[in-house]
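Structure file structure_19.pdb (PDB, C-alpha atoms) follows.
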```
ATOM      1  CA  MET A   1     -20.995   8.171   9.435
ATOM      2  CA  ALA A   2     -21.666   4.535  10.242
ATOM      3  CA  THR A   3     -23.321   2.230   7.747
ATOM      4  CA  GLU A   4     -25.950  -0.361   8.675
ATOM      5  CA  ASP A   5     -25.205  -4.055   8.283
ATOM      6  CA  ASN A   6     -28.381  -4.786   6.350
ATOM      7  CA  MET A   7     -28.002  -2.118   3.690
ATOM      8  CA  ASN A   8     -28.173  -3.398   0.149
ATOM      9  CA  GLU A   9     -25.155  -3.202  -2.109
ATOM     10  CA  VAL A  10     -26.414  -0.237  -4.123
ATOM     11  CA  GLU A  11     -26.795   1.804  -0.932
ATOM     12  CA  ALA A  12     -23.378   0.551   0.207
ATOM     13  CA  VAL A  13     -21.709   1.880  -2.959
ATOM     14  CA  ARG A  14     -23.408   5.258  -2.485
ATOM     15  CA  SER A  15     -22.440   5.440   1.175
ATOM     16  CA  LEU A  16     -18.856   4.457   0.335
ATOM     17  CA  LYS A  17     -18.553   7.318  -2.141
ATOM     18  CA  ALA A  18     -19.932   9.780   0.435
ATOM     19  CA  ASN A  19     -17.612   8.490   3.159
ATOM     20  CA  VAL A  20     -14.548   8.590   0.899
ATOM     21  CA  ASP A  21     -15.357  12.185  -0.099
ATOM     22  CA  ALA A  22     -15.575  13.035   3.612
ATOM     23  CA  MET A  23     -12.224  11.300   4.245
ATOM     24  CA  LYS A  24     -10.540  13.273   1.467
ATOM     25  CA  LYS A  25     -11.910  16.495   2.943
ATOM     26  CA  GLU A  26     -10.519  15.644   6.390
ATOM     27  CA  ILE A  27      -7.117  14.609   4.963
ATOM     28  CA  GLY A  28      -7.087  17.856   2.957
ATOM     29  CA  LYS A  29      -7.146  19.825   6.232
ATOM     30  CA  VAL A  30      -3.579  18.615   6.880
ATOM     31  CA  ILE A  31      -2.145  17.520   3.506
ATOM     32  CA  VAL A  32      -1.850  20.051   0.680
ATOM     33  CA  GLY A  33      -2.193  18.528  -2.799
ATOM     34  CA  GLN A  34      -1.223  14.856  -3.364
ATOM     35  CA  GLU A  35      -4.829  14.078  -4.427
ATOM     36  CA  GLU A  36      -3.793  11.189  -6.697
ATOM     37  CA  ILE A  37      -1.628   9.647  -3.949
ATOM     38  CA  VAL A  38      -4.539   9.864  -1.480
ATOM     39  CA  ASP A  39      -6.847   8.215  -4.053
ATOM     40  CA  HIS A  40      -4.388   5.356  -4.541
ATOM     41  CA  LEU A  41      -3.915   4.884  -0.773
ATOM     42  CA  LEU A  42      -7.670   4.547  -0.323
ATOM     43  CA  ILE A  43      -7.909   2.105  -3.261
ATOM     44  CA  CYS A  44      -5.132   0.020  -1.706
ATOM     45  CA  LEU A  45      -6.798   0.019   1.731
ATOM     46  CA  LEU A  46     -10.202  -1.049   0.384
ATOM     47  CA  ALA A  47      -8.647  -3.733  -1.842
ATOM     48  CA  ARG A  48      -6.870  -5.254   1.211
ATOM     49  CA  GLY A  49      -3.474  -4.474  -0.292
ATOM     50  CA  HIS A  50      -0.286  -2.937   1.098
ATOM     51  CA  CYS A  51       1.465   0.138  -0.202
ATOM     52  CA  LEU A  52       5.079   1.275  -0.699
ATOM     53  CA  LEU A  53       5.620   5.050  -0.828
ATOM     54  CA  VAL A  54       8.813   6.375  -2.349
ATOM     55  CA  GLY A  55       9.815  10.022  -2.129
ATOM     56  CA  VAL A  56      12.613  12.383  -1.170
ATOM     57  CA  PRO A  57      12.685  13.729   2.405
ATOM     58  CA  GLY A  58      10.217  16.456   3.309
ATOM     59  CA  LEU A  59       7.309  15.382   1.095
ATOM     60  CA  ALA A  60       5.112  14.508   4.122
ATOM     61  CA  LYS A  61       5.065  10.734   3.548
ATOM     62  CA  THR A  62       4.890  10.014   7.274
ATOM     63  CA  LEU A  63       2.426  12.855   7.941
ATOM     64  CA  LEU A  64       0.143  11.606   5.162
ATOM     65  CA  ILE A  65       0.003   8.105   6.641
ATOM     66  CA  LYS A  66      -0.544   9.405  10.197
ATOM     67  CA  THR A  67      -3.348  11.639   8.933
ATOM     68  CA  LEU A  68      -4.981   8.696   7.143
ATOM     69  CA  ALA A  69      -4.827   6.737  10.410
ATOM     70  CA  GLU A  70      -6.493   9.633  12.275
ATOM     71  CA  VAL A  71      -9.318   9.817   9.737
ATOM     72  CA  LEU A  72      -9.881   6.072  10.170
ATOM     73  CA  ASP A  73     -10.788   5.035  13.702
ATOM     74  CA  LEU A  74      -8.164   2.275  13.722
ATOM     75  CA  GLN A  75      -5.179   1.283  15.836
ATOM     76  CA  PHE A  76      -2.055   2.887  14.365
ATOM     77  CA  SER A  77       1.540   1.817  14.925
ATOM     78  CA  ARG A  78       4.843   3.117  13.577
ATOM     79  CA  ILE A  79       8.203   1.356  13.258
ATOM     80  CA  GLN A  80      11.316   3.370  12.445
ATOM     81  CA  PHE A  81      13.513   0.912  10.585
ATOM     82  CA  THR A  82      17.213   1.024  11.465
ATOM     83  CA  PRO A  83      20.191  -1.282  10.740
ATOM     84  CA  ASP A  84      20.097  -2.724  14.284
ATOM     85  CA  LEU A  85      16.358  -3.528  14.297
ATOM     86  CA  MET A  86      15.634  -7.196  15.078
ATOM     87  CA  PRO A  87      12.657  -9.298  13.890
ATOM     88  CA  SER A  88      11.383  -9.517  17.480
ATOM     89  CA  ASP A  89      11.258  -5.693  17.596
ATOM     90  CA  ILE A  90       8.505  -5.969  14.973
ATOM     91  CA  THR A  91       6.623  -9.144  15.814
ATOM     92  CA  GLY A  92       7.064  -9.224  19.598
ATOM     93  CA  THR A  93       9.080 -11.177  22.111
ATOM     94  CA  GLU A  94       8.678 -13.619  24.986
ATOM     95  CA  ILE A  95       9.572 -12.575  28.509
ATOM     96  CA  ILE A  96       9.910 -14.629  31.696
ATOM     97  CA  GLU A  97       7.210 -13.767  34.223
ATOM     98  CA  ASP A  98       7.004 -14.847  37.868
ATOM     99  CA  ASP A  99       3.761 -16.488  38.989
ATOM    100  CA  ARG A 100       3.396 -15.191  42.548
ATOM    101  CA  ALA A 101       0.722 -17.746  43.417
ATOM    102  CA  THR A 102       2.843 -20.813  42.593
ATOM    103  CA  GLY A 103       6.333 -19.354  42.655
ATOM    104  CA  SER A 104       6.998 -20.777  39.198
ATOM    105  CA  LYS A 105       8.211 -18.920  36.120
ATOM    106  CA  THR A 106       6.257 -18.775  32.879
ATOM    107  CA  PHE A 107       6.816 -17.308  29.441
ATOM    108  CA  LYS A 108       4.584 -14.462  28.338
ATOM    109  CA  PHE A 109       4.406 -13.150  24.754
ATOM    110  CA  ILE A 110       4.510  -9.378  24.470
ATOM    111  CA  LYS A 111       3.024  -8.298  21.155
ATOM    112  CA  GLY A 112       5.127  -6.071  18.927
ATOM    113  CA  PRO A 113       4.045  -3.020  16.902
ATOM    114  CA  VAL A 114       2.956  -5.225  13.973
ATOM    115  CA  PHE A 115      -0.221  -5.929  15.953
ATOM    116  CA  ALA A 116      -2.086  -2.893  14.671
ATOM    117  CA  ASN A 117      -4.635  -2.081  11.972
ATOM    118  CA  ILE A 118      -2.487   0.480  10.166
ATOM    119  CA  LEU A 119       1.268  -0.060  10.314
ATOM    120  CA  LEU A 120       3.773   2.538   9.138
ATOM    121  CA  ALA A 121       7.110   0.931   8.254
ATOM    122  CA  ASP A 122       9.304   4.032   7.966
ATOM    123  CA  GLU A 123      12.383   3.662   5.723
ATOM    124  CA  ILE A 124      11.947  -0.091   5.307
ATOM    125  CA  ASN A 125      15.141  -0.322   3.232
ATOM    126  CA  ARG A 126      17.284   0.726   6.214
ATOM    127  CA  THR A 127      17.008  -2.636   7.966
ATOM    128  CA  PRO A 128      18.652  -5.996   7.051
ATOM    129  CA  PRO A 129      16.763  -8.641   5.012
ATOM    130  CA  LYS A 130      16.072 -10.850   8.060
ATOM    131  CA  THR A 131      14.070  -8.067   9.714
ATOM    132  CA  GLN A 132      12.390  -7.042   6.449
ATOM    133  CA  ALA A 133      11.287 -10.658   6.008
ATOM    134  CA  ALA A 134       9.604 -10.692   9.441
ATOM    135  CA  LEU A 135       7.344  -7.820   8.385
ATOM    136  CA  LEU A 136       6.705  -9.144   4.893
ATOM    137  CA  GLU A 137       5.651 -12.534   6.292
ATOM    138  CA  ALA A 138       3.093 -10.780   8.502
ATOM    139  CA  MET A 139       1.864  -8.793   5.473
ATOM    140  CA  GLN A 140       1.378 -11.941   3.408
ATOM    141  CA  GLU A 141       0.039 -14.361   6.008
ATOM    142  CA  HIS A 142      -1.694 -11.864   8.364
ATOM    143  CA  ARG A 143      -0.237 -13.774  11.272
ATOM    144  CA  VAL A 144       2.909 -14.018  13.386
ATOM    145  CA  THR A 145       4.598 -17.175  14.678
ATOM    146  CA  ALA A 146       6.647 -16.929  17.878
ATOM    147  CA  ALA A 147       7.985 -19.755  20.034
ATOM    148  CA  GLY A 148       5.865 -22.319  18.220
ATOM    149  CA  ARG A 149       2.597 -20.401  18.636
ATOM    150  CA  THR A 150       0.688 -18.560  15.936
ATOM    151  CA  TYR A 151      -0.932 -15.186  16.577
ATOM    152  CA  VAL A 152      -3.452 -13.865  14.047
ATOM    153  CA  LEU A 153      -3.325 -10.177  13.117
ATOM    154  CA  GLU A 154      -6.684  -8.506  13.535
ATOM    155  CA  ALA A 155      -8.388  -7.286  10.337
ATOM    156  CA  PRO A 156      -8.172  -4.841   8.730
ATOM    157  CA  PHE A 157      -4.369  -4.951   8.472
ATOM    158  CA  PHE A 158      -2.851  -2.331   6.192
ATOM    159  CA  THR A 159       0.924  -1.813   5.868
ATOM    160  CA  LEU A 160       2.374   1.382   4.446
ATOM    161  CA  ALA A 161       6.137   1.321   3.952
ATOM    162  CA  THR A 162       8.271   4.318   2.977
ATOM    163  CA  GLN A 163      11.593   4.541   1.144
ATOM    164  CA  ASN A 164      13.964   7.404   0.409
ATOM    165  CA  PRO A 165      15.203   7.069  -3.203
ATOM    166  CA  ILE A 166      18.228   9.380  -2.980
ATOM    167  CA  GLU A 167      20.057   8.223   0.138
ATOM    168  CA  GLN A 168      21.190   4.713  -0.761
ATOM    169  CA  GLU A 169      24.287   4.396   1.446
ATOM    170  CA  GLY A 170      23.700   1.911   4.236
ATOM    171  CA  THR A 171      20.445   0.600   2.804
ATOM    172  CA  TYR A 172      19.190  -2.904   2.030
ATOM    173  CA  PRO A 173      16.978  -2.699  -1.084
ATOM    174  CA  LEU A 174      13.943  -4.964  -1.025
ATOM    175  CA  PRO A 175      14.304  -7.998  -3.338
ATOM    176  CA  GLU A 176      11.841  -8.233  -6.240
ATOM    177  CA  ALA A 177      10.014 -11.184  -4.622
ATOM    178  CA  GLN A 178       9.352  -9.065  -1.528
ATOM    179  CA  LEU A 179       8.437  -5.948  -3.502
ATOM    180  CA  ASP A 180       5.761  -8.104  -5.136
ATOM    181  CA  ARG A 181       3.923  -8.241  -1.783
ATOM    182  CA  PHE A 182       3.015  -4.561  -2.168
ATOM    183  CA  MET A 183      -0.093  -3.885  -4.228
ATOM    184  CA  PHE A 184       0.978  -0.348  -5.160
ATOM    185  CA  ASN A 185       4.305   1.449  -5.424
ATOM    186  CA  LEU A 186       3.581   5.181  -5.229
ATOM    187  CA  TRP A 187       6.100   7.897  -6.061
ATOM    188  CA  LEU A 188       5.553  11.247  -4.370
ATOM    189  CA  GLU A 189       6.537  14.215  -6.510
ATOM    190  CA  TYR A 190       7.572  17.699  -5.418
ATOM    191  CA  PRO A 191       4.611  20.051  -4.840
ATOM    192  CA  SER A 192       3.838  22.813  -7.309
ATOM    193  CA  GLU A 193       4.954  26.338  -6.385
ATOM    194  CA  LYS A 194       1.377  27.255  -5.441
ATOM    195  CA  GLU A 195       1.047  24.155  -3.243
ATOM    196  CA  GLU A 196       4.413  24.804  -1.595
ATOM    197  CA  ILE A 197       3.335  28.351  -0.694
ATOM    198  CA  GLU A 198       0.217  26.874   0.929
ATOM    199  CA  ILE A 199       2.326  24.270   2.770
ATOM    200  CA  VAL A 200       4.671  26.931   4.165
ATOM    201  CA  LYS A 201       1.738  29.108   5.292
ATOM    202  CA  SER A 202      -0.039  26.242   7.037
ATOM    203  CA  THR A 203       3.033  24.741   8.734
ATOM    204  CA  THR A 204       4.573  27.958  10.066
ATOM    205  CA  SER A 205       1.498  29.332  11.848
ATOM    206  CA  MET A 206      -0.028  28.608  15.264
ATOM    207  CA  TYR A 207      -3.019  26.822  13.724
ATOM    208  CA  SER A 208      -2.767  23.036  13.818
ATOM    209  CA  PRO A 209      -5.702  21.320  12.047
ATOM    210  CA  LYS A 210      -7.117  18.167  13.592
ATOM    211  CA  PRO A 211      -8.875  15.753  11.220
ATOM    212  CA  SER A 212     -12.005  13.953  12.449
ATOM    213  CA  HIS A 213     -12.762  10.235  12.383
ATOM    214  CA  VAL A 214     -14.862   9.226   9.386
ATOM    215  CA  LEU A 215     -14.796   5.424   9.225
ATOM    216  CA  GLY A 216     -14.277   2.707  11.806
ATOM    217  CA  LYS A 217     -13.213  -0.926  11.662
ATOM    218  CA  LYS A 218     -16.709  -2.302  11.073
ATOM    219  CA  GLU A 219     -17.382  -0.055   8.066
ATOM    220  CA  ILE A 220     -13.982  -0.681   6.472
ATOM    221  CA  LEU A 221     -14.422  -4.461   6.668
ATOM    222  CA  LEU A 222     -17.882  -4.094   5.107
ATOM    223  CA  TYR A 223     -16.495  -2.004   2.238
ATOM    224  CA  GLN A 224     -13.562  -4.383   1.704
ATOM    225  CA  ASP A 225     -16.080  -7.220   1.302
ATOM    226  CA  LEU A 226     -18.077  -5.013  -1.067
ATOM    227  CA  VAL A 227     -15.033  -4.603  -3.362
ATOM    228  CA  ARG A 228     -14.733  -8.384  -3.686
ATOM    229  CA  LYS A 229     -18.387  -8.635  -4.758
ATOM    230  CA  VAL A 230     -18.021  -6.186  -7.666
ATOM    231  CA  PRO A 231     -18.561  -8.074 -10.954
ATOM    232  CA  VAL A 232     -15.975  -7.733 -13.719
ATOM    233  CA  ALA A 233     -16.590  -8.399 -17.410
ATOM    234  CA  ASP A 234     -14.486 -11.125 -19.025
ATOM    235  CA  ASN A 235     -12.995  -8.699 -21.562
ATOM    236  CA  VAL A 236     -11.691  -6.461 -18.736
ATOM    237  CA  ILE A 237      -9.995  -9.422 -17.019
ATOM    238  CA  ALA A 238      -8.588 -10.566 -20.377
ATOM    239  CA  TYR A 239      -7.195  -7.061 -20.981
ATOM    240  CA  ALA A 240      -5.443  -7.008 -17.577
ATOM    241  CA  VAL A 241      -3.960 -10.491 -18.021
ATOM    242  CA  ASN A 242      -2.832  -9.700 -21.581
ATOM    243  CA  LEU A 243      -1.153  -6.507 -20.393
ATOM    244  CA  VAL A 244       0.777  -8.360 -17.680
ATOM    245  CA  THR A 245       1.688 -11.205 -20.058
ATOM    246  CA  ARG A 246       3.196  -8.679 -22.471
ATOM    247  CA  THR A 247       5.662  -7.529 -19.756
ATOM    248  CA  ARG A 248       7.395 -10.947 -19.832
ATOM    249  CA  PRO A 249      10.348 -10.928 -22.255
ATOM    250  CA  LYS A 250      10.030 -14.644 -23.042
ATOM    251  CA  SER A 251       6.327 -14.426 -23.854
ATOM    252  CA  PRO A 252       5.420 -14.660 -27.579
ATOM    253  CA  ALA A 253       3.091 -11.678 -26.996
ATOM    254  CA  ALA A 254       5.903  -9.423 -25.694
ATOM    255  CA  PRO A 255       6.731  -6.409 -27.915
ATOM    256  CA  GLN A 256      10.315  -6.007 -29.063
ATOM    257  CA  PHE A 257      11.049  -3.145 -26.637
ATOM    258  CA  ILE A 258      10.080  -5.419 -23.735
ATOM    259  CA  ARG A 259      12.527  -8.067 -24.964
ATOM    260  CA  ASP A 260      15.207  -5.384 -25.357
ATOM    261  CA  TRP A 261      14.760  -3.609 -22.023
ATOM    262  CA  LEU A 262      13.454  -6.095 -19.427
ATOM    263  CA  SER A 263      15.094  -9.037 -17.679
ATOM    264  CA  TRP A 264      11.878 -10.110 -15.958
ATOM    265  CA  GLY A 265       8.218  -9.190 -16.246
ATOM    266  CA  ALA A 266       5.361  -9.146 -13.755
ATOM    267  CA  GLY A 267       3.833 -12.275 -12.212
ATOM    268  CA  PRO A 268       0.170 -13.291 -11.747
ATOM    269  CA  ARG A 269      -0.163 -11.144  -8.626
ATOM    270  CA  ALA A 270       0.038  -8.095 -10.914
ATOM    271  CA  SER A 271      -3.061  -9.282 -12.824
ATOM    272  CA  GLN A 272      -4.923  -9.834  -9.552
ATOM    273  CA  TYR A 273      -4.049  -6.369  -8.265
ATOM    274  CA  LEU A 274      -4.958  -4.700 -11.568
ATOM    275  CA  ILE A 275      -8.462  -6.138 -11.290
ATOM    276  CA  LEU A 276      -8.810  -5.390  -7.571
ATOM    277  CA  GLY A 277      -7.599  -1.833  -8.170
ATOM    278  CA  ALA A 278     -10.025  -1.426 -11.089
ATOM    279  CA  LYS A 279     -12.921  -2.782  -9.001
ATOM    280  CA  THR A 280     -12.182  -0.387  -6.149
ATOM    281  CA  ARG A 281     -11.700   2.581  -8.462
ATOM    282  CA  ALA A 282     -15.081   1.884 -10.084
ATOM    283  CA  ILE A 283     -17.119   1.771  -6.877
ATOM    284  CA  LEU A 284     -15.280   4.797  -5.477
ATOM    285  CA  ASP A 285     -16.604   6.567  -8.566
ATOM    286  CA  GLY A 286     -20.128   5.282  -7.841
ATOM    287  CA  ARG A 287     -20.090   2.694 -10.657
ATOM    288  CA  PHE A 288     -21.011  -0.959 -10.197
ATOM    289  CA  SER A 289     -18.488  -2.578 -12.548
ATOM    290  CA  PRO A 290     -15.022  -1.533 -13.800
ATOM    291  CA  ASP A 291     -14.059  -0.986 -17.420
ATOM    292  CA  ILE A 292     -10.712  -1.161 -19.240
ATOM    293  CA  GLU A 293      -9.979   2.487 -18.423
ATOM    294  CA  ASP A 294     -10.089   1.642 -14.689
ATOM    295  CA  VAL A 295      -7.418  -1.010 -15.303
ATOM    296  CA  ARG A 296      -5.257   1.446 -17.252
ATOM    297  CA  LYS A 297      -5.440   3.995 -14.409
ATOM    298  CA  VAL A 298      -3.804   1.626 -11.902
ATOM    299  CA  VAL A 299      -1.208   0.085 -14.240
ATOM    300  CA  GLY A 300       1.602   2.446 -13.134
ATOM    301  CA  PRO A 301       1.443   1.780  -9.361
ATOM    302  CA  VAL A 302       0.917  -1.966  -9.922
ATOM    303  CA  LEU A 303       3.650  -2.607 -12.500
ATOM    304  CA  ARG A 304       6.471  -0.139 -11.782
ATOM    305  CA  HIS A 305       8.011  -2.320  -9.026
ATOM    306  CA  ARG A 306       7.252  -5.656 -10.701
ATOM    307  CA  ILE A 307       9.267  -5.291 -13.895
ATOM    308  CA  VAL A 308      13.065  -5.574 -13.842
ATOM    309  CA  PRO A 309      14.958  -3.465 -16.423
ATOM    310  CA  ASN A 310      18.208  -4.828 -17.819
ATOM    311  CA  PHE A 311      21.532  -3.162 -18.708
ATOM    312  CA  ASN A 312      20.213  -2.123 -22.133
ATOM    313  CA  ALA A 313      17.464  -0.046 -20.505
ATOM    314  CA  GLU A 314      19.981   1.561 -18.165
ATOM    315  CA  ALA A 315      22.327   2.319 -21.074
ATOM    316  CA  ASP A 316      19.436   3.864 -23.028
ATOM    317  CA  GLY A 317      18.386   5.937 -19.999
ATOM    318  CA  VAL A 318      14.936   4.302 -19.911
ATOM    319  CA  THR A 319      12.998   4.171 -16.608
ATOM    320  CA  THR A 320      10.456   1.569 -15.539
ATOM    321  CA  MET A 321       7.621   4.098 -15.837
ATOM    322  CA  GLN A 322       8.651   4.964 -19.396
ATOM    323  CA  ILE A 323       8.502   1.254 -20.244
ATOM    324  CA  VAL A 324       5.050   0.974 -18.610
ATOM    325  CA  GLU A 325       3.783   4.038 -20.496
ATOM    326  CA  LYS A 326       5.129   2.671 -23.776
ATOM    327  CA  LEU A 327       3.388  -0.624 -23.072
ATOM    328  CA  LEU A 328       0.081   1.174 -22.487
ATOM    329  CA  THR A 329       0.478   3.120 -25.721
ATOM    330  CA  ALA A 330       1.262  -0.076 -27.631
ATOM    331  CA  ASN A 331      -1.650  -1.986 -26.103
TER     332      ASN A 331
END
```
Show me the file's structure as structure tokens.
Amino acid sequence: MATEDNMNEVEAVRSLKANVDAMKKEIGKVIVGQEEIVDHLLICLLARGHCLLVGVPGLAKTLLIKTLAEVLDLQFSRIQFTPDLMPSDITGTEIIEDDRATGSKTFKFIKGPVFANILLADEINRTPPKTQAALLEAMQEHRVTAAGRTYVLEAPFFTLATQNPIEQEGTYPLPEAQLDRFMFNLWLEYPSEKEEIEIVKSTTSMYSPKPSHVLGKKEILLYQDLVRKVPVADNVIAYAVNLVTRTRPKSPAAPQFIRDWLSWGAGPRASQYLILGAKTRAILDGRFSPDIEDVRKVVGPVLRHRIVPNFNAEADGVTTMQIVEKLLTAN
């Protein structure tokens, strides 16, 4: 399903929609349900973002990411985060190597698992801040510095981190500044009874489905460039910026419930990701420019980890998503 370099942008949008439909079909061979989560993962990938998945154990977070990597012909790497994990276990380390020709010793850099196209950071909140920071620097800068040398991470580079929301003992929650590096924060819900029956049937039989490759590195880079070229009307950008501005308690535009319930609102990166998410959502739907509804559809994943509720919100039993939904209703 390769796409030619010289195709025009209209053909590129059409081919993207066809390829994404094929990807969803292949992922659906392994993953039951979770259609909205899959849509958001693909939006995040094409927008050159990173994604944080939160869900209780057993909801196939890891399987979903591995299946996505199989559908994309990309190098996949997984890191199981633990309390004793060191930064060098992620980025790589230098070893001493003997040069048999000269008899001298030299240092050789052995690349760590971060040198991949799709990186699964499993249970990222189980490792100390120093190790978390090593990964988050690579996510932001797309490069790794070791022993005074800089190594560039090959594009595309897509990080998917997972967190377990119920087992908080022995964890190191990501600070808000580091959470901001993730374009989307996706919450996986329990499957419906019908979906769970299908899951049990498919996972307790001898049949093991194998998804096929749909897209490779060259096509993904082309489509990521295509997203950046999508034009956006000024009123759509103004809507996104206004929405983010209204999350800041000290802003004159903030509603009273924002002042009552939030300590901090979202920063400019939220506005950028709202527009990138809206652009991607539009072309995935075969449209050539996003509208305000596209922005509204990605508000939840973009804002839920960027607003900080205060003690009043906790006392009133109000969640971040309830605040986001109230903001959308008021806007």
Item to check | Picked residues, the PyMOL selection byres ((chain A and resi 107) around 10), expected as a ChimeraX atom specification | outcome: /A:93-98,105-106,108-110,147
Atoms kept (C-alpha atoms) for selection, written as a PDB file, in the frame of the given file:
```pdb
ATOM      1  CA  THR A  93       9.080 -11.177  22.111  1.00  0.00           C
ATOM      2  CA  GLU A  94       8.678 -13.619  24.986  1.00  0.00           C
ATOM      3  CA  ILE A  95       9.572 -12.575  28.509  1.00  0.00           C
ATOM      4  CA  ILE A  96       9.910 -14.629  31.696  1.00  0.00           C
ATOM      5  CA  GLU A  97       7.210 -13.767  34.223  1.00  0.00           C
ATOM      6  CA  ASP A  98       7.004 -14.847  37.868  1.00  0.00           C
ATOM      7  CA  LYS A 105       8.211 -18.920  36.120  1.00  0.00           C
ATOM      8  CA  THR A 106       6.257 -18.775  32.879  1.00  0.00           C
ATOM      9  CA  LYS A 108       4.584 -14.462  28.338  1.00  0.00           C
ATOM     10  CA  PHE A 109       4.406 -13.150  24.754  1.00  0.00           C
ATOM     11  CA  ILE A 110       4.510  -9.378  24.470  1.00  0.00           C
ATOM     12  CA  ALA A 147       7.985 -19.755  20.034  1.00  0.00           C
TER      13      ALA A 147
END
```
Next on the checklist: Can you spell out as a ChimeraX atom specification the set of residues that the PyMOL selection byres ((chain A and resi 143-146) around 12) selects in the structure I just provided?
Outcome noted: /A:87-88,90-95,107-116,133-142,147-155,157
Here's the selection I'm unsure about, the PyMOL selection byres ((chain A and resi 282-294) around 7); applied to the file above, which residues does it give, as a short mmCIF file (atom, residue, chain, number, x, y, z; two decimals) with C-alpha atoms, keeping the file's coordinate frame?
```cif
data_model
loop_
_atom_site.label_atom_id
_atom_site.label_comp_id
_atom_site.auth_asym_id
_atom_site.auth_seq_id
_atom_site.Cartn_x
_atom_site.Cartn_y
_atom_site.Cartn_z
CA VAL A 13 -21.71 1.88 -2.96
CA ARG A 14 -23.41 5.26 -2.48
CA LEU A 16 -18.86 4.46 0.34
CA LYS A 17 -18.55 7.32 -2.14
CA VAL A 230 -18.02 -6.19 -7.67
CA PRO A 231 -18.56 -8.07 -10.95
CA VAL A 232 -15.98 -7.73 -13.72
CA VAL A 236 -11.69 -6.46 -18.74
CA ALA A 278 -10.02 -1.43 -11.09
CA LYS A 279 -12.92 -2.78 -9.00
CA THR A 280 -12.18 -0.39 -6.15
CA ARG A 281 -11.70 2.58 -8.46
CA VAL A 295 -7.42 -1.01 -15.30
CA ARG A 296 -5.26 1.45 -17.25
CA LYS A 297 -5.44 4.00 -14.41
CA VAL A 298 -3.80 1.63 -11.90
#
```
Item to check | A:Val214 surroundings by only C-alpha atoms, 9 Å radius, close-in-sequence under 4 positions cut, as a PyMOL selection string | outcome: chain A and resi 1-2+19-20+22-23+26+70-73
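Residues lying at most 12 Å from (-4.1, 15.2, -5.1) in file coordinates, with only C-alpha atoms considered, are Lys24, Lys25, Ile27, Gly28, Ile31, Val32, Gly33, Gln34, Glu35, Glu36, Ile37, Val38, Asp39, His40, Leu41, Leu64, Leu188, Glu189, Tyr190, Pro191, Ser192 and Glu195 of chain A.
Put simply, atom CA of A:Gly265 is 28.9 Å away from atom CA of A:Leu119.
Shortest separation to A:Asn242 among A:Trp261, A:Arg181, A:Arg100, A:Leu328 occurs at residue A:Leu328, atoms counted being all atoms listed in the file.
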Checklist entry - Of the candidates A:Leu215, A:Val308, A:Ala18, A:Cys51, which shows the shortest atom-to-atom distance to A:Gln163, using all atoms listed in the file? => result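 Between A:Leu215, A:Val308, A:Ala18, A:Cys51, the residue approaching A:Gln163 most closely is A:Cys51.
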Checklist entry - By how many Å are atom CA of A:Ser263 and atom CA of A:Pro309 apart? => result 5.7 Å
Item to check | Who sits within 10 Å of A:Leu179, only C-alpha atoms, same chain under 2 positions skipped, as a PyMOL selection string | outcome: chain A and resi 51-52+136+173-177+181-185+305-306
